[in-house]
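In what follows, a structure is listed as structure tokens, so that the remarks can point back to it.
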Amino acid sequence: MPTPCPSCAQLNSAQQSYCCGCGQALWAADVVESDDNAERRQLTVMFCDLVGSTALEMTARVARIRVGEHPQLGARVGIETGLVVAGDIIGDGEAQEHAVLGDTPNLAARLQGVAAPGTVVVGPGTYRLVSRRFVVEGLGQHNLKGITSPVNAYRVDAVLEHARAAPVAPIVGRQQEIERLAQRLCSPTGQGCVAVIEGESGMGKTRLLQHVLGLASGRFERVILRCSPFYRDRPLYPIRRHWKSLLEMQGAADNVQALRQVLEMHGVNSQELFELLQSALLDSDSAAIDGGGGGVAEAVDGRAAQQRRSAMLAALQEVVLQFSRHKPLLLAVEDAHWIDSSTAEFLQQLCRRSEMENLSVLVTSREPLGWMPEMATGLLHLCLEPLDQQAAQAMVVAVAGGQALSEQTRAEILQRSGGSPLYVEELTKAVLDGQEQGGEAHRVPSSLQDSLRARLDRLGPDKLIAQFLSVLGRHFSHRVIVACSPFTEGECARGLEHLLDAGLLVTTGSGVRQSYAFRHAMVQEVAYESLLNRTRRTHHRLVAERIQQQLPEMAATTPELLASHFEQGGKLIEAIDCWHRAGQHAAESWAHVEAVNHFTRALEWIASIDDRDLLAERELVLRVELVRSLRVLERGDEGLEQLPMAMAVARRLEREAELAMLLNLRGNLLFSRGDIDGCLQSHKEAISSARVAGSPVAEIQALSGIGDANLLQGMVATAEQAYNSCLALCTSAELSRFKPPNLSLRGHMRLYLNRLNESEQDVREAIRLSLSLRDRRTEMVARGSCLAKTLCEQGDYAWACSELEQALEIANGLHAERFEALYLLFLARARRGAGWDGDINSLAERAISIAAGTGFGYVGAIAFGAKALVASGADERQRALQEGERLLTPGAPSQNYLWFLRDAIEVSLLDAQWLQAERYACRLTQYTERQPLAWPNLYVDLVATLAEERQPGKESSSARSPLGLRQLCLDSGAGAALQLFDRVRSV
């Protein structure tokens with residue numbers, strides 16, 4: 001039975017889905033399938049008498065058709081673009097199709113009636129999309145059946161030879177910021193600058209940056225580092241991305257050759273820099289960290305990775321500075337609110353360098369950067385505020401390009417934009433797009449998001465391309481689009497061209513190096529949010545799978561990108577695997593902040609899975625690696641929270657080797673917290689588990705941890721026994737890489753046991769082994785923390801100075817500030833002993849300044865003891881002793897007690913402060929009472945012997961005869977104590 005149309009009452013057959021009179025959907029049609037995915041879309045609807053090809057081709061083809069003597073045939077086409085509601089499937093059998101509801105289909109049908117035979121007529125919605133690509137003639141307003149208001153119609157006559165590009169809005173209202181930046185960049189002194197442009201999304205940071213880069217053209221070489229939300233936990237992502245593009249442009253046989261060409265072009269000829277840059281920029285993986293769990297030995301391989309990372313960061317900085325000497329360099333960092341911590345560290349260190357005369361750094365960010373205040377003095381900070389009324393009005397006029405807008409419309413744009421330049425521009429364009437030819441402005445969208453949604457909707461089929469691209473992020477290469485797109489190559493090419501013409505995308509490069517970006521992050525965000533959840537998941541899965549299949553190098557080097565796509569695509573097992581690999585890659589590069597984020601993400605998804613036993617092995621490995629990274633970052637409390645869960649999994653799986661590793665980690669974390677009893681208990685349990693598992697590595701780590709804990713308490717003899725057992729196991733298990741740090745520490749113990757010759761032998765062997773293993777950090781500790789102390793106590797100050805200078809050079813290269821402070825203090829002591837003629841007091845002052853920045857817990861009291869030794873005035877020496885004694889808290893490491901009290905005794909004796917010297921000697925005896933030590937006892941005996949010699953009737957159990965004390969010093973090689981004894985007696 002015919003069905004009446006609810007809009008125009010036209011009768012239609014039961015098989016029809018749309019009214020043959022007005023084009024409206026027939027509501028009485030049967031709905032055979034429905035889902036919740038109906039959405040509001042912007043569609044282009046074409047009505048034509050004949051089904052053929054595209055509209056212009058069809059009208060021409062139909063006109064050529066002849067049927068005998070009948071009149072010439074003609075096709076009429078009506079097209080309109082506008083909002084519809086699409087989603088449900090209606091009809092039966094071959095008539096089944098998606099329902100499209102709204103005024104747009106009706107208007108397209110009526111425009112077909114306006115068209116003359118052989119022509120195409122479009123409505124205002126389609127006109128706005130095609131007017132820059134086709135020759136279009138206005139047909140005036142028409143009153144159409146079923147349409148309440150008159151509608152402008154346009155005839156499309158031909159394709160334009162050269163499409164007209166969308167206008168770009170000028171930069172207005174930022175003259176003050178431009179002048180301040182230009183003044184800094186073009187300073188007559190040639191001094192470089194560091195500037196931050198901060199502002200909310202849409203405030204014009206990118207436009208201002210582009211303008212400044214334009215001003216810098218010619219005078220500066222310009223480098224742009226773009227951060228990405230996809231890679232905020234990818235170490236050095238923007239730097240590696242820039243260099244990759246730079247090397248691809250060289251046309252070399254491979255990237256290694258291209259890197260050498262670029263460096264030589266800029267006058268960089270150092271082979272060492274070349275090798276470090278090759279590792280930093282071209283190698284997909286750094287040397288893996290063994291990552292054991294206990295004591296000093298745990299960090300043997302980790303230290304090598306850390307020092308390699310520090311060297312690579314330093315090399316990157318040096319190359320940037322050398323490039324700037326070749327030609328002034330402007331380094332721009334865009335979207336730094338997404339910066340990874342390694343790139344932030346690189347910038348921190350770079351901007352602290354004193355050689356920045358020809359280097360300027362310009363950073364944009366949506367939010368304050370916590371690391372920026374530490375970067376540079378004289379920082380120029382520009383916070384972009386909304387445009388004032390006058391500037392916003394000027395921008396509206398500029399965007400309108402001569403098209404008239406009513407005063408009311410302009411006022412509404414200004415009011416709704418809130419002075420945001422992006423909002424002003426987009427709302428003005430939305431009004432112009434909605435304005436009928438010759439008529440008044442359309443309504444102003446209520447928000448920027450509404451405006452952008454409308455612009456995307458008007459793209460028609462190209463909206464699907466934009467939505468897919470939004471899944472790739474804000475920036476993407478042509479290579480990735482081709483590999484991952486669900487569309488044909490032709491569809492992609494047309495879609496990209498249309499998006500560029502619409503001003504929604506920008507592009508750089510050409511050919512295989514061509515890349516694209518959404519003009520603003522909000523365009524990408526709106527396109528992404530407009531996707532149905534089901535479609536969004538499908539796109540993400542497709543991208544991840546295509547990257548794995550067609551871009552294996554990208555899959556191997558950017559697992560966090562795959563993880564993000566698998567996660568958003570609902571493929572959780574694959575996402576967990578990729579987050580884990582991303583964390584491992586970061587940890588191998590010593591980028592532990594990023595590693596913690598990746599491991600945590602993987603564990604969060606494991607916790608969401610019902611059958612956790614399925615992933616128990618993976619969970620155990622993840623938790624171990626997470627705790628290791630937390631320990632490196634000195635986030636011990638978080639590590640201790642994770643350990644019980646990890647140990648529960650290890651026990652459930654009966655994995656004794658992993659349990660031993662976790663117990664060692666717990667011992668190390670408790671050691672850092674100062675819980676020595678808990679530390680020792682954990683390492684003892686670890687030894688039991690290690691022996692059950694047959695893991696000599698875990699046992700070595702536990703023994704080393706026990707040695708460290710006993711040293712902290714001043715139980716030096718017990719610590720030596722632990723290191724003896726550790727070294728014996730290293731030999732029997734042929735684990736030589738663990739020997740150097742433990743030999744060094746055993747030598748350190750033998751100093752406190754007053755076996756100085758044995759101490760020197762151990763430490764020199766540790767240095768020899770560390771040199772063969774190229775373990776710079778262990779070499780540094782052996783030279784500066786151990787051998788130099790022994791040489792000072794032997795009275796060999798010249799050799800001590802040499803060792804300390806070498807240790808300082810390594811410490812500077814590794815940015816080991818805590819050790820730098822310690823070595824400066826002992827260098828001041830050694831130079832004093834060697835009779836140095838220069839200002840050694842400044843060394844102590846500098847060391848104290850560094851120690852204050854890194855925390856006095858490690859060298860606090862030692863610092864003020866050394867300061868007292870080298871101070872020139874008695875009052876200054878007493879102030880230093882008072883400050884040092886204040887830092888001798890119950891939890892202070894034993895070395896602070898031993899060295900401060902030893903130095904306090906020397907200063908007191910030389911200043912003839914006899915009672916004070918005896919008080920310090922008494923305190924040293926009390927500290928070592930639990931386990932007496934020969935080296936501290938030597939100084940206690942020295943004080944007692946001098947006191948008895950000065951006051952013959954005074955009795956002391958520690959007093960020796962002067963001859964006996966001299967012999968003791970000679971037998972043990974304690975030259976410093978002997979020199980002090982003779983000097984005090986000679987006064």
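Ordered as shown in the structure tokens, chains take letters A, B, and onward, while each chain numbers its residues from 1 and ligands are numbered from 1 in the order shown.
In the backbone-derived DSSP annotation, alpha helix (DSSP H) within region 144-231 of chain A comprises Gln175, Gln176, Glu177, Ile178, Glu179, Arg180, Leu181, Ala182, Gln183, Arg184, Leu185, Lys205, Thr206, Arg207, Leu208, Leu209, Gln210, His211, Val212, Leu213, Gly214, Leu215 and Ala216 of chain A.
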For the residues selected in the previous step, produce a file with C-alpha atoms as a PDB file, in the first residue's frame.
ATOM      1  CA  GLN A 175      53.987  43.201  18.540  1.00  0.00           C
ATOM      2  CA  GLN A 176      55.408  43.667  22.027  1.00  0.00           C
ATOM      3  CA  GLU A 177      56.370  39.987  22.273  1.00  0.00           C
ATOM      4  CA  ILE A 178      57.877  40.067  18.770  1.00  0.00           C
ATOM      5  CA  GLU A 179      59.981  43.121  19.637  1.00  0.00           C
ATOM      6  CA  ARG A 180      61.266  41.579  22.873  1.00  0.00           C
ATOM      7  CA  LEU A 181      62.217  38.362  21.110  1.00  0.00           C
ATOM      8  CA  ALA A 182      63.811  40.207  18.197  1.00  0.00           C
ATOM      9  CA  GLN A 183      65.778  42.396  20.600  1.00  0.00           C
ATOM     10  CA  ARG A 184      67.193  39.330  22.344  1.00  0.00           C
ATOM     11  CA  LEU A 185      67.922  37.435  19.130  1.00  0.00           C
ATOM     12  CA  LYS A 205      52.296  30.162  20.333  1.00  0.00           C
ATOM     13  CA  THR A 206      52.932  28.314  17.078  1.00  0.00           C
ATOM     14  CA  ARG A 207      52.109  31.363  14.936  1.00  0.00           C
ATOM     15  CA  LEU A 208      54.446  33.539  17.008  1.00  0.00           C
ATOM     16  CA  LEU A 209      57.176  30.906  16.803  1.00  0.00           C
ATOM     17  CA  GLN A 210      56.809  30.715  13.014  1.00  0.00           C
ATOM     18  CA  HIS A 211      56.997  34.502  12.787  1.00  0.00           C
ATOM     19  CA  VAL A 212      60.188  34.617  14.854  1.00  0.00           C
ATOM     20  CA  LEU A 213      61.713  31.817  12.785  1.00  0.00           C
ATOM     21  CA  GLY A 214      60.940  33.907   9.720  1.00  0.00           C
ATOM     22  CA  LEU A 215      62.694  36.908  11.260  1.00  0.00           C
ATOM     23  CA  ALA A 216      65.701  34.685  11.975  1.00  0.00           C
TER      24      ALA A 216
END
DSSP on the backbone, then: every residue of region 220-420 of chain A marked strand (DSSP E), written as a PyMOL selection string. chain A and resi 221-226+329-334+359-365+380-383
Take the residues from that selection and write them out as a JSON list (two decimals), in the first residue's frame, keeping C-alpha atoms.
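This is the output file part_14.json:
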[["chain", "number", "residue", "atom", "x", "y", "z"],
["A", 221, "GLU", "CA", 70.53, 28.38, 11.12],
["A", 222, "ARG", "CA", 67.17, 27.17, 12.42],
["A", 223, "VAL", "CA", 66.37, 23.83, 14.04],
["A", 224, "ILE", "CA", 62.88, 22.86, 15.19],
["A", 225, "LEU", "CA", 62.32, 20.05, 17.70],
["A", 226, "ARG", "CA", 58.66, 19.01, 17.90],
["A", 329, "LEU", "CA", 71.88, 28.73, 15.70],
["A", 330, "LEU", "CA", 68.26, 29.16, 16.79],
["A", 331, "LEU", "CA", 66.98, 25.99, 18.46],
["A", 332, "ALA", "CA", 63.16, 25.98, 18.69],
["A", 333, "VAL", "CA", 61.34, 23.43, 20.87],
["A", 334, "GLU", "CA", 57.62, 23.24, 20.10],
["A", 359, "LEU", "CA", 73.10, 29.81, 20.42],
["A", 360, "SER", "CA", 69.52, 30.84, 21.21],
["A", 361, "VAL", "CA", 66.84, 28.47, 22.50],
["A", 362, "LEU", "CA", 63.14, 29.21, 22.03],
["A", 363, "VAL", "CA", 60.57, 26.96, 23.74],
["A", 364, "THR", "CA", 56.76, 26.90, 23.49],
["A", 365, "SER", "CA", 54.52, 25.24, 26.05],
["A", 380, "LEU", "CA", 63.01, 35.55, 28.85],
["A", 381, "HIS", "CA", 59.55, 34.32, 29.81],
["A", 382, "LEU", "CA", 56.61, 35.41, 27.65],
["A", 383, "CYS", "CA", 53.14, 34.46, 28.81]]
How many Å lie between CA of Ala800 (chain A) and CA of Ala788 (chain A), rounded to one decimal? 4.6 Å
For each of A:Leu321, A:Cys193, A:Ala404, A:Leu827, take the minimum atom-to-atom distance to Glu803 (chain A), counting only C-alpha atoms, then give the residue where this is smallest. A:Leu827
I'd like to know which of A:Leu703, A:Met203, A:Cys484, A:Leu259 is closest to Ala686 (chain A), using only C-alpha atoms. A:Leu703
If we count only C-alpha atoms, what is near region 420-430 of chain A at a cut-off of 6 Å, once residues fewer than 4 positions away on the same chain are taken out, given as an mmCIF file with all heavy atoms, in the first residue's frame?
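File produced: selection.cif:
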data_model
loop_
_atom_site.group_PDB
_atom_site.id
_atom_site.type_symbol
_atom_site.label_atom_id
_atom_site.label_comp_id
_atom_site.auth_asym_id
_atom_site.auth_seq_id
_atom_site.Cartn_x
_atom_site.Cartn_y
_atom_site.Cartn_z
ATOM 1 N N GLY A 202 45.579 27.640 21.674
ATOM 2 C CA GLY A 202 44.869 28.622 20.869
ATOM 3 C C GLY A 202 45.350 30.046 21.047
ATOM 4 O O GLY A 202 44.816 30.963 20.417
ATOM 5 N N MET A 203 46.359 30.280 21.898
ATOM 6 C CA MET A 203 46.832 31.631 22.158
ATOM 7 C C MET A 203 47.841 32.133 21.116
ATOM 8 O O MET A 203 48.292 33.263 21.190
ATOM 9 C CB MET A 203 47.457 31.722 23.548
ATOM 10 C CG MET A 203 46.432 31.768 24.655
ATOM 11 S SD MET A 203 45.411 33.261 24.531
ATOM 12 C CE MET A 203 43.977 32.750 25.451
ATOM 13 N N PRO A 386 45.106 36.636 26.296
ATOM 14 C CA PRO A 386 44.125 36.843 25.223
ATOM 15 C C PRO A 386 44.307 38.213 24.555
ATOM 16 O O PRO A 386 44.782 39.169 25.176
ATOM 17 C CB PRO A 386 42.780 36.750 25.961
ATOM 18 C CG PRO A 386 43.074 35.922 27.179
ATOM 19 C CD PRO A 386 44.468 36.276 27.577
ATOM 20 N N LEU A 448 34.490 27.060 19.819
ATOM 21 C CA LEU A 448 35.459 26.703 18.791
ATOM 22 C C LEU A 448 35.275 25.253 18.371
ATOM 23 O O LEU A 448 35.377 24.930 17.189
ATOM 24 C CB LEU A 448 36.878 26.906 19.320
ATOM 25 C CG LEU A 448 38.008 26.445 18.390
ATOM 26 C CD1 LEU A 448 37.983 27.225 17.097
ATOM 27 C CD2 LEU A 448 39.355 26.583 19.072
ATOM 28 N N SER A 451 32.628 25.022 15.902
ATOM 29 C CA SER A 451 33.090 25.547 14.622
ATOM 30 C C SER A 451 33.942 24.527 13.886
ATOM 31 O O SER A 451 33.771 24.291 12.683
ATOM 32 C CB SER A 451 33.889 26.835 14.852
ATOM 33 O OG SER A 451 34.494 27.274 13.651
#
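What separates CA of Ser986 (chain A) from CA of Ala830 (chain A) is a distance of 22.0 Å.
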Leaving out Met356 (chain A) and any residue of its chain fewer than 2 positions from it, which residues lie within 10 Å of it when counting only C-alpha atoms, given as a PDB file with N, CA, C and O atoms, in the first residue's frame?
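Produced file out-v9.pdb, reproduced below:
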ATOM      1  N   GLY A 190      75.855  39.891  20.558  1.00  0.00           N
ATOM      2  CA  GLY A 190      75.960  38.535  20.034  1.00  0.00           C
ATOM      3  C   GLY A 190      75.704  37.465  21.074  1.00  0.00           C
ATOM      4  O   GLY A 190      75.932  36.285  20.835  1.00  0.00           O
ATOM      5  N   GLN A 191      75.224  37.859  22.260  1.00  0.00           N
ATOM      6  CA  GLN A 191      74.978  36.904  23.332  1.00  0.00           C
ATOM      7  C   GLN A 191      73.720  36.100  23.016  1.00  0.00           C
ATOM      8  O   GLN A 191      72.699  36.657  22.599  1.00  0.00           O
ATOM      9  N   GLY A 192      73.778  34.784  23.189  1.00  0.00           N
ATOM     10  CA  GLY A 192      72.610  33.956  22.949  1.00  0.00           C
ATOM     11  C   GLY A 192      71.565  34.174  24.024  1.00  0.00           C
ATOM     12  O   GLY A 192      71.793  34.840  25.033  1.00  0.00           O
ATOM     13  N   CYS A 193      70.382  33.615  23.811  1.00  0.00           N
ATOM     14  CA  CYS A 193      69.306  33.793  24.788  1.00  0.00           C
ATOM     15  C   CYS A 193      68.501  32.512  24.904  1.00  0.00           C
ATOM     16  O   CYS A 193      68.559  31.626  24.042  1.00  0.00           O
ATOM     17  N   VAL A 194      67.763  32.421  26.013  1.00  0.00           N
ATOM     18  CA  VAL A 194      66.808  31.337  26.230  1.00  0.00           C
ATOM     19  C   VAL A 194      65.464  31.989  26.499  1.00  0.00           C
ATOM     20  O   VAL A 194      65.347  32.836  27.388  1.00  0.00           O
ATOM     21  N   VAL A 320      75.902  20.697  19.106  1.00  0.00           N
ATOM     22  CA  VAL A 320      75.057  21.879  18.943  1.00  0.00           C
ATOM     23  C   VAL A 320      75.893  23.151  19.081  1.00  0.00           C
ATOM     24  O   VAL A 320      75.768  24.098  18.292  1.00  0.00           O
ATOM     25  N   LEU A 321      76.764  23.178  20.088  1.00  0.00           N
ATOM     26  CA  LEU A 321      77.603  24.365  20.294  1.00  0.00           C
ATOM     27  C   LEU A 321      78.579  24.563  19.142  1.00  0.00           C
ATOM     28  O   LEU A 321      78.817  25.698  18.701  1.00  0.00           O
ATOM     29  N   SER A 324      76.812  26.022  16.273  1.00  0.00           N
ATOM     30  CA  SER A 324      76.524  27.445  16.475  1.00  0.00           C
ATOM     31  C   SER A 324      77.758  28.307  16.226  1.00  0.00           C
ATOM     32  O   SER A 324      77.630  29.492  15.893  1.00  0.00           O
ATOM     33  N   ARG A 325      78.949  27.733  16.404  1.00  0.00           N
ATOM     34  CA  ARG A 325      80.163  28.497  16.089  1.00  0.00           C
ATOM     35  C   ARG A 325      80.350  28.624  14.584  1.00  0.00           C
ATOM     36  O   ARG A 325      80.947  29.586  14.108  1.00  0.00           O
ATOM     37  N   PRO A 328      75.443  31.180  13.698  1.00  0.00           N
ATOM     38  CA  PRO A 328      74.521  31.318  14.833  1.00  0.00           C
ATOM     39  C   PRO A 328      73.305  30.412  14.666  1.00  0.00           C
ATOM     40  O   PRO A 328      72.735  30.307  13.575  1.00  0.00           O
ATOM     41  N   LEU A 329      72.909  29.761  15.753  1.00  0.00           N
ATOM     42  CA  LEU A 329      71.876  28.732  15.704  1.00  0.00           C
ATOM     43  C   LEU A 329      70.693  29.127  16.575  1.00  0.00           C
ATOM     44  O   LEU A 329      70.870  29.550  17.717  1.00  0.00           O
ATOM     45  N   LEU A 350      72.444  21.923  28.336  1.00  0.00           N
ATOM     46  CA  LEU A 350      72.888  22.793  27.248  1.00  0.00           C
ATOM     47  C   LEU A 350      72.817  24.254  27.661  1.00  0.00           C
ATOM     48  O   LEU A 350      73.745  25.037  27.419  1.00  0.00           O
ATOM     49  N   CYS A 351      71.727  24.641  28.298  1.00  0.00           N
ATOM     50  CA  CYS A 351      71.530  26.050  28.629  1.00  0.00           C
ATOM     51  C   CYS A 351      72.308  26.480  29.862  1.00  0.00           C
ATOM     52  O   CYS A 351      72.341  27.671  30.180  1.00  0.00           O
ATOM     53  N   ARG A 352      72.918  25.532  30.559  1.00  0.00           N
ATOM     54  CA  ARG A 352      73.842  25.888  31.638  1.00  0.00           C
ATOM     55  C   ARG A 352      75.245  26.159  31.101  1.00  0.00           C
ATOM     56  O   ARG A 352      76.082  26.696  31.819  1.00  0.00           O
ATOM     57  N   ARG A 353      75.491  25.730  29.875  1.00  0.00           N
ATOM     58  CA  ARG A 353      76.841  25.876  29.328  1.00  0.00           C
ATOM     59  C   ARG A 353      77.193  27.346  29.160  1.00  0.00           C
ATOM     60  O   ARG A 353      76.350  28.179  28.838  1.00  0.00           O
ATOM     61  N   SER A 354      78.451  27.638  29.334  1.00  0.00           N
ATOM     62  CA  SER A 354      78.894  29.034  29.254  1.00  0.00           C
ATOM     63  C   SER A 354      79.185  29.464  27.820  1.00  0.00           C
ATOM     64  O   SER A 354      79.364  30.649  27.557  1.00  0.00           O
ATOM     65  N   ASN A 358      76.586  32.059  20.534  1.00  0.00           N
ATOM     66  CA  ASN A 358      75.955  32.014  19.218  1.00  0.00           C
ATOM     67  C   ASN A 358      74.751  31.081  19.183  1.00  0.00           C
ATOM     68  O   ASN A 358      74.317  30.677  18.107  1.00  0.00           O
ATOM     69  N   LEU A 359      74.221  30.746  20.343  1.00  0.00           N
ATOM     70  CA  LEU A 359      73.098  29.812  20.418  1.00  0.00           C
ATOM     71  C   LEU A 359      71.937  30.451  21.154  1.00  0.00           C
ATOM     72  O   LEU A 359      72.101  30.992  22.246  1.00  0.00           O
ATOM     73  N   SER A 360      70.754  30.393  20.546  1.00  0.00           N
ATOM     74  CA  SER A 360      69.525  30.836  21.209  1.00  0.00           C
ATOM     75  C   SER A 360      68.541  29.676  21.224  1.00  0.00           C
ATOM     76  O   SER A 360      68.456  28.904  20.263  1.00  0.00           O
ATOM     77  N   VAL A 361      67.811  29.555  22.317  1.00  0.00           N
ATOM     78  CA  VAL A 361      66.841  28.473  22.498  1.00  0.00           C
ATOM     79  C   VAL A 361      65.473  29.096  22.731  1.00  0.00           C
ATOM     80  O   VAL A 361      65.320  29.960  23.605  1.00  0.00           O
TER      81      VAL A 361
END
Set the distance at 12 Å and use only C-alpha atoms: which residues neighbour Asp254 (chain A) once local chain neighbours fewer than 6 positions away are removed? I'd like the list as a PyMOL selection string. chain A and resi 244+247-248+260-261+282
Could the residues in this selection be saved with N, CA, C and O atoms as an mmCIF file, in the first residue's frame?
data_model
loop_
_atom_site.group_PDB
_atom_site.id
_atom_site.type_symbol
_atom_site.label_atom_id
_atom_site.label_comp_id
_atom_site.auth_asym_id
_atom_site.auth_seq_id
_atom_site.Cartn_x
_atom_site.Cartn_y
_atom_site.Cartn_z
ATOM 1 N N LYS A 244 67.029 12.454 12.086
ATOM 2 C CA LYS A 244 66.652 11.484 11.064
ATOM 3 C C LYS A 244 66.259 12.195 9.773
ATOM 4 O O LYS A 244 66.693 11.818 8.683
ATOM 5 N N LEU A 247 69.410 13.731 8.145
ATOM 6 C CA LEU A 247 70.285 12.754 7.491
ATOM 7 C C LEU A 247 69.672 12.229 6.200
ATOM 8 O O LEU A 247 70.385 11.959 5.228
ATOM 9 N N GLU A 248 68.357 12.074 6.170
ATOM 10 C CA GLU A 248 67.704 11.594 4.952
ATOM 11 C C GLU A 248 67.881 12.558 3.785
ATOM 12 O O GLU A 248 67.855 12.166 2.625
ATOM 13 N N ARG A 260 78.334 11.552 9.103
ATOM 14 C CA ARG A 260 79.703 12.048 8.956
ATOM 15 C C ARG A 260 79.733 13.281 8.048
ATOM 16 O O ARG A 260 80.437 14.254 8.314
ATOM 17 N N GLN A 261 78.929 13.256 6.964
ATOM 18 C CA GLN A 261 78.879 14.395 6.049
ATOM 19 C C GLN A 261 78.376 15.655 6.746
ATOM 20 O O GLN A 261 78.943 16.745 6.598
ATOM 21 N N LEU A 282 71.488 6.921 15.992
ATOM 22 C CA LEU A 282 71.247 5.895 14.981
ATOM 23 C C LEU A 282 71.011 4.518 15.558
ATOM 24 O O LEU A 282 70.307 3.714 14.962
#
